[in-house]
file coords_1.cif (mmCIF, C-alpha atoms)
data_data
#
loop_
_atom_site.label_atom_id
_atom_site.label_comp_id
_atom_site.auth_asym_id
_atom_site.auth_seq_id
_atom_site.Cartn_x
_atom_site.Cartn_y
_atom_site.Cartn_z
CA MET A 47 0.00 0.00 0.00
CA THR A 48 1.54 3.28 -1.10
CA GLY A 49 -0.72 5.70 0.74
CA GLN A 50 -1.96 7.21 -2.53
CA PRO A 51 -5.63 6.74 -3.40
CA SER A 52 -6.64 4.89 -6.55
CA PRO A 53 -7.75 7.21 -9.38
CA PRO A 54 -11.50 6.33 -9.16
CA GLY A 55 -11.61 7.55 -5.55
CA PRO A 56 -10.69 11.19 -6.18
CA ALA A 57 -12.65 11.19 -9.47
CA SER A 58 -15.81 10.05 -7.71
CA ALA A 59 -15.30 12.67 -4.98
CA ILE A 60 -15.04 15.43 -7.59
CA GLY A 61 -18.07 13.99 -9.40
CA ARG A 62 -20.25 14.82 -6.38
CA PHE A 63 -20.21 18.49 -7.30
CA ASP A 64 -22.95 19.75 -9.60
CA ALA A 65 -20.48 21.22 -12.07
CA ASP A 66 -19.01 20.48 -15.49
CA ILE A 67 -15.55 18.96 -15.28
CA THR A 68 -12.62 19.03 -17.69
CA VAL A 69 -9.77 16.66 -16.93
CA ILE A 70 -6.43 17.97 -18.17
CA GLY A 71 -4.28 15.28 -16.62
CA PRO A 72 -2.79 12.95 -15.69
CA PRO A 73 -3.97 10.19 -18.08
CA GLU A 74 -4.83 7.90 -15.15
CA PHE A 75 -7.28 10.49 -13.88
CA ARG A 76 -8.95 10.72 -17.30
CA GLU A 77 -9.18 6.91 -17.38
CA ALA A 78 -10.76 6.93 -13.92
CA PHE A 79 -13.47 9.34 -15.10
CA ALA A 80 -14.08 7.17 -18.19
CA TYR A 81 -14.38 4.09 -15.97
CA LEU A 82 -16.90 5.81 -13.70
CA ALA A 83 -18.82 7.15 -16.70
CA ARG A 84 -19.24 3.60 -18.02
CA ARG A 85 -20.47 2.41 -14.63
CA PHE A 86 -22.98 5.26 -14.27
CA THR A 87 -24.15 4.88 -17.87
CA GLY A 88 -24.80 1.21 -17.22
CA ALA A 89 -26.69 2.03 -14.05
CA ALA A 90 -28.90 4.50 -15.92
CA ALA A 91 -29.68 2.10 -18.79
CA ASP A 92 -33.29 1.00 -19.22
CA ASP A 93 -32.19 -2.63 -19.07
CA ALA A 94 -30.05 -2.21 -15.94
CA PRO A 95 -30.63 -5.02 -13.41
CA THR A 96 -32.74 -4.06 -10.42
CA THR A 97 -30.90 -6.41 -8.10
CA GLY A 98 -27.35 -7.60 -7.79
CA GLY A 99 -23.95 -6.29 -6.98
CA ALA A 100 -22.13 -3.09 -7.69
CA GLY A 101 -21.78 -3.85 -11.40
CA SER A 102 -19.25 -5.40 -13.66
CA GLY A 103 -15.90 -4.36 -14.93
CA GLU A 104 -12.62 -3.74 -13.29
CA ALA A 105 -11.27 -0.54 -11.85
CA PRO A 106 -8.28 0.90 -13.66
CA ASP A 107 -4.89 0.25 -12.07
#

call {"tool": "encode", "arguments": {"input": "coords_1.cif", "output": "structure tokens"}}
result
Amino acid sequence: MTGQPSPPGPASAIGRFDADITVIGPPEFREAFAYLARRFTGAAADDAPTTGGAGSGEAPD
């Protein structure tokens, strides 16, 4: 454990604000936002399961 949070953690914290966001770097941060966008898009889909776990997919390294 390095003491540094994984990229999805800070990205999800920033995503709580009701504001448009532009990621200028680093690439890992952009990838974290893309990962979270896929998860939220899946959750909002009409055919999203109503029961089950937190979703599928793997968090970026």

call {"tool": "atom_distance", "arguments": {"input": "coords_1.cif", "atom1": "CA of Pro72 (chain A)", "atom2": "CA of Ala91 (chain A)"}}
result
29.2 Å

call {"tool": "residues_around", "arguments": {"input": "coords_1.cif", "residues": "region 56-58 of chain A", "least_positions_apart": "5", "cutoff": "12 Å", "atoms": "all atoms listed in the file", "output": "ChimeraX atom specification"}}
result
/A:50-51,63,67-69,71-72,74-83,85-86,106

call {"tool": "write_last_selection", "arguments": {"input": "coords_1.cif", "atoms": "C-alpha atoms", "output": "short mmCIF file (atom, residue, chain, number, x, y, z; two decimals), keeping the file's coordinate frame"}}
result
data_model
loop_
_atom_site.label_atom_id
_atom_site.label_comp_id
_atom_site.auth_asym_id
_atom_site.auth_seq_id
_atom_site.Cartn_x
_atom_site.Cartn_y
_atom_site.Cartn_z
CA GLN A 50 -1.96 7.21 -2.53
CA PRO A 51 -5.63 6.74 -3.40
CA PHE A 63 -20.21 18.49 -7.30
CA ILE A 67 -15.55 18.96 -15.28
CA THR A 68 -12.62 19.03 -17.69
CA VAL A 69 -9.77 16.66 -16.93
CA GLY A 71 -4.28 15.28 -16.62
CA PRO A 72 -2.79 12.95 -15.69
CA GLU A 74 -4.83 7.90 -15.15
CA PHE A 75 -7.28 10.49 -13.88
CA ARG A 76 -8.95 10.72 -17.30
CA GLU A 77 -9.18 6.91 -17.38
CA ALA A 78 -10.76 6.93 -13.92
CA PHE A 79 -13.47 9.34 -15.10
CA ALA A 80 -14.08 7.17 -18.19
CA TYR A 81 -14.38 4.09 -15.97
CA LEU A 82 -16.90 5.81 -13.70
CA ALA A 83 -18.82 7.15 -16.70
CA ARG A 85 -20.47 2.41 -14.63
CA PHE A 86 -22.98 5.26 -14.27
CA PRO A 106 -8.28 0.90 -13.66
#

call {"tool": "atom_distance", "arguments": {"input": "coords_1.cif", "atom1": "CA of Gly61 (chain A)", "atom2": "CA of Asp93 (chain A)"}}
result
23.9 Å

call {"tool": "build_atoms", "arguments": {"input": "coords_1.cif", "residues": "region 58-86 of chain A", "atoms": "N, CA and C atoms", "output": "PDB file, in the frame of the given file"}}
result
ATOM      1  N   SER A  58     -14.435  10.135  -8.202  1.00  0.00           N
ATOM      2  CA  SER A  58     -15.810  10.050  -7.710  1.00  0.00           C
ATOM      3  C   SER A  58     -16.096  11.163  -6.706  1.00  0.00           C
ATOM      4  N   ALA A  59     -15.098  11.562  -5.927  1.00  0.00           N
ATOM      5  CA  ALA A  59     -15.300  12.670  -4.980  1.00  0.00           C
ATOM      6  C   ALA A  59     -15.565  13.974  -5.726  1.00  0.00           C
ATOM      7  N   ILE A  60     -14.828  14.218  -6.800  1.00  0.00           N
ATOM      8  CA  ILE A  60     -15.040  15.430  -7.590  1.00  0.00           C
ATOM      9  C   ILE A  60     -16.393  15.374  -8.296  1.00  0.00           C
ATOM     10  N   GLY A  61     -16.796  14.166  -8.714  1.00  0.00           N
ATOM     11  CA  GLY A  61     -18.070  13.990  -9.400  1.00  0.00           C
ATOM     12  C   GLY A  61     -19.283  14.331  -8.558  1.00  0.00           C
ATOM     13  N   ARG A  62     -19.126  14.461  -7.256  1.00  0.00           N
ATOM     14  CA  ARG A  62     -20.250  14.820  -6.380  1.00  0.00           C
ATOM     15  C   ARG A  62     -20.704  16.254  -6.571  1.00  0.00           C
ATOM     16  N   PHE A  63     -19.843  17.091  -7.107  1.00  0.00           N
ATOM     17  CA  PHE A  63     -20.210  18.490  -7.300  1.00  0.00           C
ATOM     18  C   PHE A  63     -21.074  18.644  -8.535  1.00  0.00           C
ATOM     19  N   ASP A  64     -22.064  19.497  -8.467  1.00  0.00           N
ATOM     20  CA  ASP A  64     -22.950  19.750  -9.600  1.00  0.00           C
ATOM     21  C   ASP A  64     -22.278  20.783 -10.505  1.00  0.00           C
ATOM     22  N   ALA A  65     -21.265  20.316 -11.219  1.00  0.00           N
ATOM     23  CA  ALA A  65     -20.480  21.220 -12.070  1.00  0.00           C
ATOM     24  C   ALA A  65     -19.898  20.427 -13.229  1.00  0.00           C
ATOM     25  N   ASP A  66     -19.708  21.097 -14.363  1.00  0.00           N
ATOM     26  CA  ASP A  66     -19.010  20.480 -15.490  1.00  0.00           C
ATOM     27  C   ASP A  66     -17.543  20.330 -15.116  1.00  0.00           C
ATOM     28  N   ILE A  67     -16.936  19.270 -15.630  1.00  0.00           N
ATOM     29  CA  ILE A  67     -15.550  18.960 -15.280  1.00  0.00           C
ATOM     30  C   ILE A  67     -14.754  18.755 -16.567  1.00  0.00           C
ATOM     31  N   THR A  68     -13.564  19.289 -16.616  1.00  0.00           N
ATOM     32  CA  THR A  68     -12.620  19.030 -17.690  1.00  0.00           C
ATOM     33  C   THR A  68     -11.351  18.480 -17.060  1.00  0.00           C
ATOM     34  N   VAL A  69     -10.987  17.281 -17.450  1.00  0.00           N
ATOM     35  CA  VAL A  69      -9.770  16.660 -16.930  1.00  0.00           C
ATOM     36  C   VAL A  69      -8.629  17.004 -17.872  1.00  0.00           C
ATOM     37  N   ILE A  70      -7.597  17.631 -17.339  1.00  0.00           N
ATOM     38  CA  ILE A  70      -6.430  17.970 -18.170  1.00  0.00           C
ATOM     39  C   ILE A  70      -5.253  17.053 -17.886  1.00  0.00           C
ATOM     40  N   GLY A  71      -5.344  16.235 -16.892  1.00  0.00           N
ATOM     41  CA  GLY A  71      -4.280  15.280 -16.620  1.00  0.00           C
ATOM     42  C   GLY A  71      -4.299  14.838 -15.186  1.00  0.00           C
ATOM     43  N   PRO A  72      -3.570  13.856 -14.867  1.00  0.00           N
ATOM     44  CA  PRO A  72      -2.790  12.950 -15.690  1.00  0.00           C
ATOM     45  C   PRO A  72      -3.694  11.939 -16.404  1.00  0.00           C
ATOM     46  N   PRO A  73      -3.152  11.142 -17.331  1.00  0.00           N
ATOM     47  CA  PRO A  73      -3.970  10.190 -18.080  1.00  0.00           C
ATOM     48  C   PRO A  73      -4.740   9.216 -17.185  1.00  0.00           C
ATOM     49  N   GLU A  74      -4.148   8.827 -16.063  1.00  0.00           N
ATOM     50  CA  GLU A  74      -4.830   7.900 -15.150  1.00  0.00           C
ATOM     51  C   GLU A  74      -6.110   8.507 -14.596  1.00  0.00           C
ATOM     52  N   PHE A  75      -6.103   9.804 -14.401  1.00  0.00           N
ATOM     53  CA  PHE A  75      -7.280  10.490 -13.880  1.00  0.00           C
ATOM     54  C   PHE A  75      -8.378  10.508 -14.940  1.00  0.00           C
ATOM     55  N   ARG A  76      -7.991  10.758 -16.196  1.00  0.00           N
ATOM     56  CA  ARG A  76      -8.950  10.720 -17.300  1.00  0.00           C
ATOM     57  C   ARG A  76      -9.549   9.323 -17.431  1.00  0.00           C
ATOM     58  N   GLU A  77      -8.712   8.289 -17.321  1.00  0.00           N
ATOM     59  CA  GLU A  77      -9.180   6.910 -17.380  1.00  0.00           C
ATOM     60  C   GLU A  77     -10.140   6.596 -16.238  1.00  0.00           C
ATOM     61  N   ALA A  78      -9.875   7.147 -15.059  1.00  0.00           N
ATOM     62  CA  ALA A  78     -10.760   6.930 -13.920  1.00  0.00           C
ATOM     63  C   ALA A  78     -12.137   7.540 -14.185  1.00  0.00           C
ATOM     64  N   PHE A  79     -12.186   8.737 -14.756  1.00  0.00           N
ATOM     65  CA  PHE A  79     -13.470   9.340 -15.100  1.00  0.00           C
ATOM     66  C   PHE A  79     -14.192   8.517 -16.160  1.00  0.00           C
ATOM     67  N   ALA A  80     -13.467   7.995 -17.150  1.00  0.00           N
ATOM     68  CA  ALA A  80     -14.080   7.170 -18.190  1.00  0.00           C
ATOM     69  C   ALA A  80     -14.652   5.889 -17.581  1.00  0.00           C
ATOM     70  N   TYR A  81     -13.920   5.288 -16.664  1.00  0.00           N
ATOM     71  CA  TYR A  81     -14.380   4.090 -15.970  1.00  0.00           C
ATOM     72  C   TYR A  81     -15.676   4.372 -15.214  1.00  0.00           C
ATOM     73  N   LEU A  82     -15.696   5.459 -14.456  1.00  0.00           N
ATOM     74  CA  LEU A  82     -16.900   5.810 -13.700  1.00  0.00           C
ATOM     75  C   LEU A  82     -18.056   6.163 -14.623  1.00  0.00           C
ATOM     76  N   ALA A  83     -17.764   6.811 -15.745  1.00  0.00           N
ATOM     77  CA  ALA A  83     -18.820   7.150 -16.700  1.00  0.00           C
ATOM     78  C   ALA A  83     -19.471   5.882 -17.242  1.00  0.00           C
ATOM     79  N   ARG A  84     -18.669   4.875 -17.542  1.00  0.00           N
ATOM     80  CA  ARG A  84     -19.240   3.600 -18.020  1.00  0.00           C
ATOM     81  C   ARG A  84     -20.114   2.970 -16.956  1.00  0.00           C
ATOM     82  N   ARG A  85     -19.677   3.004 -15.727  1.00  0.00           N
ATOM     83  CA  ARG A  85     -20.470   2.410 -14.630  1.00  0.00           C
ATOM     84  C   ARG A  85     -21.785   3.152 -14.449  1.00  0.00           C
ATOM     85  N   PHE A  86     -21.749   4.483 -14.450  1.00  0.00           N
ATOM     86  CA  PHE A  86     -22.980   5.260 -14.270  1.00  0.00           C
ATOM     87  C   PHE A  86     -23.897   5.137 -15.479  1.00  0.00           C
TER      88      PHE A  86
END
